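Engineer: Can you keep this structure in mind? I'll have questions shortly.
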There are 2 protein chains.
Amino acid sequence: MKIYDSQVAPNPRRVRIFLAEKGVQVPYEQVDIVSGANRSPEFRKKNPLATVPVLELDDGTCIAESVAICRYFEELYPEPPLFGRNPRERAIVEMWQRRMEFHVFLPIVMVFRNCHPFFAGRIRQVPEWGEVNREWAMEGLSWLDRELAERRFIAGDSFTIADITALCGIDFGRVSNIRIQPEQKNLKRWYDEVSSRPSAKA
Amino acid sequence: MKIYDSQVAPNPRRVRIFLAEKGVQVPYEQVDIVSGANRSPEFRKKNPLATVPVLELDDGTCIAESVAICRYFEELYPEPPLFGRNPRERAIVEMWQRRMEFHVFLPIVMVFRNCHPFFAGRIRQVPEWGEVNREWAMEGLSWLDRELAERRFIAGDSFTIADITALCGIDFGRVSNIRIQPEQKNLKRWYDEVSSRPSAKA
């Protein structure tokens, strides 16, 4: 198997961190998304939506979507569990994973896509939508700071996929000047902890 | 346990269809989202993001996010499996569930939120973003039509959560005049089949 990867996009990093936490080695092949190699007919055979990452299994099956790839490895390598340890925990982790996806990661990506010069001429940008999302992203971080007053990690007392999604989103915010605010001390405490894990370098 | 529900929103319907497919009965309590009951301080104790559905367990734990609730019931009632039968299938179902979420359901919701009079004055609408999403939604349906030339259901030969997400999204598109096009015969064949399942009335 191998993973089609990109070092410059936030979604592939979610998978790299996940696998680093599991201690699993999978060969990576870089896809040059800046030059548009992901939009080639050849790559679209692997993923018609032209996104990375894509996991290619030995039988040729291609699994796109970062979280789908992470779930696959969770089943193959259950330890340490990054989606929860029982049905109740797994539901709570899924809730937080989705909250981080829709209220932190996605707004931050929307700011980049709609406001950053990189996408000018590549997609139809709507700068006003980027500004709405900038507000949402800042509200999301503020809410997360309040939530993290109560617990060590986002979904409870263990590091999970929800932490990975939030970390990759927040780090990607830098290019759009979306940052943890000085008064967000709980969020900063969490960020410093998850960033110092060896997996964060993945 | 009980589920905080709304008959007028597309996300709670995903859970209702899911439970109907499982043959599981859970008490529903209606939340009047039109008058804003979901934004009350009391409801925000159950879900600070003020969205429905929310599953409240007997110990008081509240699980928000439709897909998190569905996964919880998948573990409690594994038959019929709606997330796949083995790790490879579950990865494929998750890929398609997310594709339906981000390329069908979400664009359709974005059109509604940014263009419909219901949200005027409630949120900051960006009509241009709604129009971009209308194009994406139509492209999403066109792509899905091509994909469904090859198989009976969205993720393979079994009905899954991916079908539920797509069905709820497409039905919600009507209010924004987003509809399956006459030439999309594969999509229409699929739609007629999934709509005629008893669960679709949920």
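Here's how to read the names in the structure tokens: chain A, B, ... by the order shown, residue numbers from 1 in each chain, ligand numbers from 1 in the order shown.
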Tell me, as a list in words, which residues lie within 8 Å of segment 147-164 of chain B, counting only C-alpha atoms; anything in the same chain fewer than 6 positions away does not count.
Structural biologist: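 The residues satisfying every condition are Arg14, Ile17, Phe18, Pro81, Leu82, Phe83, Gly84, Ile92, Val93, Glu94, Trp96, Gln97, Arg98, Met100, Asn186, Leu187, Trp190 and Val194 of chain B.
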Engineer: What residues in chain A have any atom no more than 10 Å from chain B when counting only C-alpha atoms, and can you write them as a PyMOL selection string?
Structural biologist: chain A and resi 48-49+57+61-76+86-99+103+114+124-130+132+140+143+147
Engineer: Based on the selection just made, write C-alpha atoms of those residues as a compact mmCIF listing (two decimals), in the first residue's frame.
Structural biologist:
```txt
# COMPACT_ATOMS: atom_id res chain seq x y z
CA PRO A 48 -12.27 11.73 -9.12
CA LEU A 49 -12.48 14.65 -6.71
CA LEU A 57 -4.30 -0.64 -1.21
CA THR A 61 -8.59 0.02 -4.13
CA CYS A 62 -8.22 3.72 -3.47
CA ILE A 63 -9.52 5.26 -0.25
CA ALA A 64 -9.80 9.04 -0.34
CA GLU A 65 -10.72 11.32 2.58
CA SER A 66 -8.31 11.72 5.48
CA VAL A 67 -10.70 10.51 8.16
CA ALA A 68 -11.65 7.40 6.15
CA ILE A 69 -7.95 6.55 5.88
CA CYS A 70 -7.46 7.10 9.61
CA ARG A 71 -10.41 4.84 10.46
CA TYR A 72 -8.98 2.10 8.28
CA PHE A 73 -5.69 2.19 10.17
CA GLU A 74 -7.54 2.37 13.50
CA GLU A 75 -9.05 -1.02 12.69
CA LEU A 76 -5.76 -2.51 11.49
CA ASN A 86 -16.03 1.83 23.70
CA PRO A 87 -19.32 2.82 22.00
CA ARG A 88 -19.98 5.77 24.30
CA GLU A 89 -16.44 7.10 24.01
CA ARG A 90 -16.42 6.57 20.26
CA ALA A 91 -19.63 8.59 19.94
CA ILE A 92 -18.11 11.41 21.98
CA VAL A 93 -14.89 11.35 19.94
CA GLU A 94 -16.90 11.39 16.70
CA MET A 95 -18.93 14.35 17.99
CA TRP A 96 -15.75 16.29 18.76
CA GLN A 97 -14.04 15.23 15.57
CA ARG A 98 -16.97 16.63 13.60
CA ARG A 99 -17.15 19.77 15.72
CA HIS A 103 -16.17 24.79 13.47
CA ASN A 114 -11.58 32.62 -0.48
CA ARG A 124 -14.06 31.56 -7.84
CA GLN A 125 -13.17 33.33 -4.63
CA VAL A 126 -15.79 35.08 -2.51
CA PRO A 127 -13.76 37.30 -0.14
CA GLU A 128 -16.85 38.24 1.91
CA TRP A 129 -17.39 34.55 2.64
CA GLY A 130 -13.77 34.37 3.72
CA VAL A 132 -17.51 35.52 7.58
CA GLY A 140 -14.49 28.58 17.24
CA TRP A 143 -15.31 28.42 22.32
CA GLU A 147 -14.16 23.91 26.60
```
Engineer: Nearest to Phe119 of chain B: which of B:Ile33, B:Met1, B:Leu55, B:Ile180 is it, counting only C-alpha atoms?
Structural biologist: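 With only C-alpha atoms as the atom set, the closest residue is B:Ile33.
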Engineer: Just asking: which residues within segment 52-170 of chain B are helix (DSSP H, G or I) according to DSSP, as a short mmCIF file (atom, residue, chain, number, x, y, z; two decimals) with C-alpha atoms, in the first residue's frame?
Structural biologist:
```cif
data_model
loop_
_atom_site.label_atom_id
_atom_site.label_comp_id
_atom_site.auth_asym_id
_atom_site.auth_seq_id
_atom_site.Cartn_x
_atom_site.Cartn_y
_atom_site.Cartn_z
CA SER B 66 -26.06 13.27 13.45
CA VAL B 67 -23.28 10.96 12.30
CA ALA B 68 -21.96 10.52 15.85
CA ILE B 69 -25.45 9.48 16.94
CA CYS B 70 -25.74 7.05 14.02
CA ARG B 71 -22.39 5.46 14.84
CA TYR B 72 -23.46 4.95 18.44
CA PHE B 73 -26.55 3.05 17.34
CA GLU B 74 -24.52 1.09 14.78
CA GLU B 75 -22.49 -0.31 17.67
CA LEU B 76 -25.54 -1.02 19.83
CA PRO B 87 -12.40 -2.64 7.73
CA ARG B 88 -12.07 -2.23 3.95
CA GLU B 89 -15.82 -1.76 3.47
CA ARG B 90 -16.03 0.59 6.42
CA ALA B 91 -13.27 2.74 4.92
CA ILE B 92 -15.09 2.87 1.60
CA VAL B 93 -18.41 3.74 3.28
CA GLU B 94 -16.70 6.47 5.31
CA MET B 95 -15.13 7.87 2.14
CA TRP B 96 -18.54 8.03 0.45
CA GLN B 97 -20.27 9.34 3.55
CA ARG B 98 -17.79 12.22 3.66
CA ARG B 99 -18.02 12.81 -0.07
CA MET B 100 -21.79 13.05 0.18
CA GLU B 101 -21.45 15.32 3.18
CA PHE B 102 -19.01 17.74 1.56
CA HIS B 103 -20.06 17.61 -2.10
CA VAL B 104 -23.84 17.16 -1.91
CA PHE B 105 -25.28 17.83 1.54
CA LEU B 106 -23.12 20.80 2.57
CA PRO B 107 -23.37 22.79 -0.70
CA ILE B 108 -27.15 22.35 -0.65
CA VAL B 109 -27.31 23.59 2.96
CA MET B 110 -25.03 26.51 2.02
CA VAL B 111 -27.42 27.59 -0.75
CA PHE B 112 -30.30 27.57 1.73
CA ARG B 113 -28.43 29.43 4.45
CA ASN B 114 -27.03 32.10 2.16
CA CYS B 115 -29.96 32.65 -0.21
CA PRO B 117 -35.36 34.44 3.22
CA PHE B 118 -35.67 32.21 6.30
CA PHE B 119 -32.13 33.14 7.32
CA PRO B 127 -25.70 35.37 -1.63
CA GLU B 128 -22.69 35.07 -3.94
CA TRP B 129 -21.44 32.18 -1.82
CA GLY B 130 -24.88 30.62 -2.15
CA GLU B 131 -24.60 30.85 -5.93
CA VAL B 132 -21.12 29.26 -5.93
CA ASN B 133 -22.56 26.44 -3.86
CA ARG B 134 -25.53 26.07 -6.18
CA GLU B 135 -23.06 25.35 -8.98
CA TRP B 136 -21.16 22.90 -6.78
CA ALA B 137 -24.35 21.14 -5.77
CA MET B 138 -25.36 20.74 -9.41
CA GLU B 139 -21.86 19.48 -10.26
CA GLY B 140 -22.08 17.12 -7.30
CA LEU B 141 -25.34 15.64 -8.57
CA SER B 142 -23.92 15.30 -12.07
CA TRP B 143 -20.85 13.46 -10.74
CA LEU B 144 -23.01 11.25 -8.56
CA ASP B 145 -25.13 10.35 -11.57
CA ARG B 146 -22.00 9.12 -13.37
CA GLU B 147 -20.85 7.16 -10.31
CA ILE B 161 -25.19 5.96 5.77
CA ALA B 162 -23.82 7.51 2.54
CA ASP B 163 -27.21 6.95 0.88
CA ILE B 164 -28.96 8.54 3.87
CA THR B 165 -26.76 11.65 3.73
CA ALA B 166 -27.27 12.04 -0.02
CA LEU B 167 -31.04 11.48 0.18
CA CYS B 168 -31.51 14.00 2.99
CA GLY B 169 -29.36 16.53 1.16
CA ILE B 170 -31.14 16.11 -2.16
#
```
Engineer: How many Å separate atom CA of Glu29 of chain A from atom CA of Lys2 of chain A?
Structural biologist: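 Atom CA of Glu29 of chain A sits 7.1 Å away from atom CA of Lys2 of chain A.
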Engineer: How many Å separate atom CA of Val8 of chain A from atom CA of Gly36 of chain A?
Structural biologist: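 Distance between the two atoms: 12.7 Å.
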Engineer: Just give me the gap between atom CA of Val52 of chain A and atom CA of Arg39 of chain A in Å, one decimal is fine.
Structural biologist: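 Between atom CA of Val52 of chain A and atom CA of Arg39 of chain A the gap works out to 10.4 Å.
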Engineer: Considering only C-alpha atoms, state which residue in the set A:Ser6, A:Asn11, A:Thr51, A:Val175 is at the smallest distance from Gln30 of chain A.
Structural biologist: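 Checking each candidate against Gln30 of chain A, we get A:Ser6 as the closest.
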Engineer: Would you list, as a PyMOL selection string, the residues of chain A that end up in strand (DSSP E) under DSSP run on this structure's backbone?
Structural biologist: chain A and resi 2-5+28-30+54-56+62-64
Engineer: Any chance you can output those residues with N, CA and C atoms as a short mmCIF file (atom, residue, chain, number, x, y, z; two decimals), in the first residue's frame?
Structural biologist:
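As a result, again-v7.cif now contains:
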```cif
data_model
loop_
_atom_site.label_atom_id
_atom_site.label_comp_id
_atom_site.auth_asym_id
_atom_site.auth_seq_id
_atom_site.Cartn_x
_atom_site.Cartn_y
_atom_site.Cartn_z
N LYS A 2 0.28 2.34 -0.44
CA LYS A 2 0.97 3.63 -0.31
C LYS A 2 -0.05 4.75 -0.18
N ILE A 3 0.47 5.90 0.25
CA ILE A 3 -0.39 7.06 0.45
C ILE A 3 0.09 8.19 -0.45
N TYR A 4 -0.84 8.73 -1.24
CA TYR A 4 -0.55 9.92 -2.02
C TYR A 4 -0.72 11.11 -1.10
N ASP A 5 0.34 11.87 -1.00
CA ASP A 5 0.50 12.85 0.09
C ASP A 5 0.86 14.21 -0.49
N TYR A 28 5.00 7.02 1.39
CA TYR A 28 4.30 8.19 0.88
C TYR A 28 4.81 8.53 -0.51
N GLU A 29 3.88 8.93 -1.38
CA GLU A 29 4.29 9.48 -2.68
C GLU A 29 3.76 10.90 -2.76
N GLN A 30 4.66 11.84 -3.02
CA GLN A 30 4.24 13.25 -3.06
C GLN A 30 3.49 13.55 -4.36
N VAL A 54 -4.79 10.17 -0.57
CA VAL A 54 -5.46 8.95 -1.06
C VAL A 54 -4.61 7.76 -0.62
N LEU A 55 -5.25 6.79 -0.01
CA LEU A 55 -4.58 5.53 0.34
C LEU A 55 -4.86 4.52 -0.76
N GLU A 56 -3.79 3.99 -1.36
CA GLU A 56 -3.96 2.95 -2.39
C GLU A 56 -3.59 1.61 -1.77
N CYS A 62 -8.68 2.42 -3.94
CA CYS A 62 -8.22 3.72 -3.47
C CYS A 62 -9.22 4.29 -2.46
N ILE A 63 -8.71 4.66 -1.31
CA ILE A 63 -9.52 5.26 -0.25
C ILE A 63 -9.12 6.73 -0.14
N ALA A 64 -10.03 7.61 -0.52
CA ALA A 64 -9.80 9.04 -0.34
C ALA A 64 -10.42 9.46 0.99
#
```
